[in-house]
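Listing of coords14.pdb, PDB, C-alpha atoms
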```pdb
ATOM      1  CA  MET T   1     207.007  31.935 -22.909
ATOM      2  CA  ALA T   2     205.886  28.991 -25.012
ATOM      3  CA  GLN T   3     204.296  29.662 -28.368
ATOM      4  CA  PRO T   4     200.973  28.039 -29.297
ATOM      5  CA  ILE T   5     201.269  24.728 -31.116
ATOM      6  CA  THR T   6     199.842  24.783 -34.621
ATOM      7  CA  ALA T   7     197.319  22.184 -35.731
ATOM      8  CA  LYS T   8     199.979  20.617 -37.970
ATOM      9  CA  GLU T   9     202.444  20.394 -35.083
ATOM     10  CA  LEU T  10     199.769  18.875 -32.870
ATOM     11  CA  GLU T  11     199.061  16.225 -35.524
ATOM     12  CA  TYR T  12     202.771  15.481 -35.780
ATOM     13  CA  ILE T  13     203.108  15.080 -31.998
ATOM     14  CA  ALA T  14     200.019  12.839 -31.856
ATOM     15  CA  ASP T  15     201.390  10.668 -34.674
ATOM     16  CA  SER T  16     204.768  10.487 -32.960
ATOM     17  CA  MET T  17     203.155   9.457 -29.682
ATOM     18  CA  SER T  18     201.204   6.724 -31.474
ATOM     19  CA  ASN T  19     204.390   5.486 -33.121
ATOM     20  CA  GLU T  20     206.279   5.442 -29.827
ATOM     21  CA  ASP T  21     203.403   3.544 -28.192
ATOM     22  CA  LEU T  22     203.423   0.955 -30.980
ATOM     23  CA  LEU T  23     207.193   0.498 -30.698
ATOM     24  CA  LEU T  24     206.828   0.110 -26.937
ATOM     25  CA  LYS T  25     204.207  -2.613 -27.361
ATOM     26  CA  GLN T  26     206.200  -4.459 -30.027
ATOM     27  CA  ASN T  27     209.293  -4.522 -27.844
ATOM     28  CA  ALA T  28     207.255  -5.654 -24.838
ATOM     29  CA  VAL T  29     205.993  -8.611 -26.881
ATOM     30  CA  LEU T  30     209.553  -9.450 -27.909
ATOM     31  CA  ALA T  31     210.796  -9.194 -24.316
ATOM     32  CA  SER T  32     208.013 -11.395 -22.966
ATOM     33  CA  SER T  33     208.114 -14.039 -25.685
ATOM     34  CA  SER T  34     211.836 -14.495 -26.295
ATOM     35  CA  SER T  35     213.870 -17.180 -24.605
ATOM     36  CA  ASN T  36     217.089 -15.478 -25.755
ATOM     37  CA  GLN T  37     218.293 -13.298 -22.882
ATOM     38  CA  ALA T  38     220.205 -10.997 -25.253
ATOM     39  CA  PHE T  39     216.980 -10.226 -27.156
ATOM     40  CA  VAL T  40     215.161  -9.618 -23.880
ATOM     41  CA  GLN T  41     217.817  -7.136 -22.711
ATOM     42  CA  VAL T  42     217.830  -5.244 -26.017
ATOM     43  CA  ALA T  43     214.021  -5.120 -26.059
ATOM     44  CA  GLN T  44     213.997  -3.795 -22.489
ATOM     45  CA  GLN T  45     216.474  -1.079 -23.468
ATOM     46  CA  PHE T  46     214.266  -0.125 -26.406
ATOM     47  CA  ILE T  47     211.225  -0.067 -24.108
ATOM     48  CA  ALA T  48     212.996   2.405 -21.812
ATOM     49  CA  THR T  49     214.037   4.555 -24.786
ATOM     50  CA  HIS T  50     210.535   4.680 -26.260
ATOM     51  CA  GLN T  51     208.997   5.408 -22.855
ATOM     52  CA  GLN T  52     211.369   8.354 -22.554
ATOM     53  CA  HIS T  53     210.443   9.588 -26.050
ATOM     54  CA  TYR T  54     206.720   9.276 -25.237
ATOM     55  CA  GLN T  55     207.140  11.187 -21.969
ATOM     56  CA  THR T  56     209.099  13.934 -23.734
ATOM     57  CA  LEU T  57     206.310  14.370 -26.278
ATOM     58  CA  LEU T  58     203.697  14.387 -23.504
ATOM     59  CA  GLN T  59     205.657  17.008 -21.556
ATOM     60  CA  THR T  60     205.812  19.148 -24.681
ATOM     61  CA  LEU T  61     202.025  19.063 -24.915
ATOM     62  CA  HIS T  62     201.668  19.982 -21.243
ATOM     63  CA  GLN T  63     204.134  22.864 -21.567
ATOM     64  CA  HIS T  64     202.058  24.343 -24.377
ATOM     65  CA  SER T  65     198.619  23.652 -22.920
ATOM     66  CA  SER T  66     198.491  27.042 -21.191
ATOM     67  CA  VAL T  67     198.775  28.827 -24.550
ATOM     68  CA  ALA T  68     196.602  26.446 -26.552
ATOM     69  CA  PRO T  69     193.653  28.063 -28.288
ATOM     70  CA  THR T  70     190.313  27.412 -26.618
ATOM     71  CA  GLN T  71     188.422  27.513 -29.909
ATOM     72  CA  PRO T  72     189.121  25.428 -33.024
ATOM     73  CA  GLN T  73     191.286  27.286 -35.509
ATOM     74  CA  GLN T  74     189.981  27.883 -39.002
TER      75      GLN T  74
END
```
How would this structure read if it were set down as structure tokens?
Amino acid sequence: MAQPITAKELEYIADSMSNEDLLLKQNAVLASSSSNQAFVQVAQQFIATHQQHYQTLLQTLHQHSSVAPTQPQQ
């Protein structure tokens, strides 16, 4: 059974998700604005990688939601 996520771990996951989202957006800009097909392909690969990372982090949160505390921890 999954253990509850600590507040510190939750902050770390939230920060990681924000970072992955930023990297996704930056690579999307590169892919849409570049005329160099090699850059576009690399950016698209990075987009897929960061989407996978984001989904993994989100799944981790969902897996632990059943054991999350219902009241704020002191």
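Running the PyMOL selection byres ((chain T and resi 54-58) around 8) on this file leaves Ile13, Ser16, Met17, Glu20, Asp21, His50, Gln51, Gln52, His53, Gln59, Thr60, Leu61 and His62 of chain T selected.
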Selection file, C-alpha atoms, as a compact mmCIF listing (two decimals), keeping the file's coordinate frame:
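The result, stored in result.txt:
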```
# COMPACT_ATOMS: atom_id res chain seq x y z
CA ILE T 13 203.11 15.08 -32.00
CA SER T 16 204.77 10.49 -32.96
CA MET T 17 203.16 9.46 -29.68
CA GLU T 20 206.28 5.44 -29.83
CA ASP T 21 203.40 3.54 -28.19
CA HIS T 50 210.54 4.68 -26.26
CA GLN T 51 209.00 5.41 -22.86
CA GLN T 52 211.37 8.35 -22.55
CA HIS T 53 210.44 9.59 -26.05
CA GLN T 59 205.66 17.01 -21.56
CA THR T 60 205.81 19.15 -24.68
CA LEU T 61 202.02 19.06 -24.92
CA HIS T 62 201.67 19.98 -21.24
```
If you measure from atom CA of T:Ala43 to atom CA of T:Asn27, what distance in Å do you get, rounded to one decimal? 5.1 Å
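The interatomic distance for the pair atom CA of T:Glu9 and atom CA of T:Phe46 works out to 25.2 Å.
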Taken to one decimal, the atom CA of T:Leu23-atom CA of T:Val40 distance is 14.6 Å
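The residues that lie within 12 Å of the point (209.7, -9.2, -26.6), counting only C-alpha atoms, are T:Leu23, T:Leu24, T:Lys25, T:Gln26, T:Asn27, T:Ala28, T:Val29, T:Leu30, T:Ala31, T:Ser32, T:Ser33, T:Ser34, T:Ser35, T:Asn36, T:Gln37, T:Ala38, T:Phe39, T:Val40, T:Gln41, T:Val42, T:Ala43, T:Gln44, T:Gln45, T:Phe46, T:Ile47.
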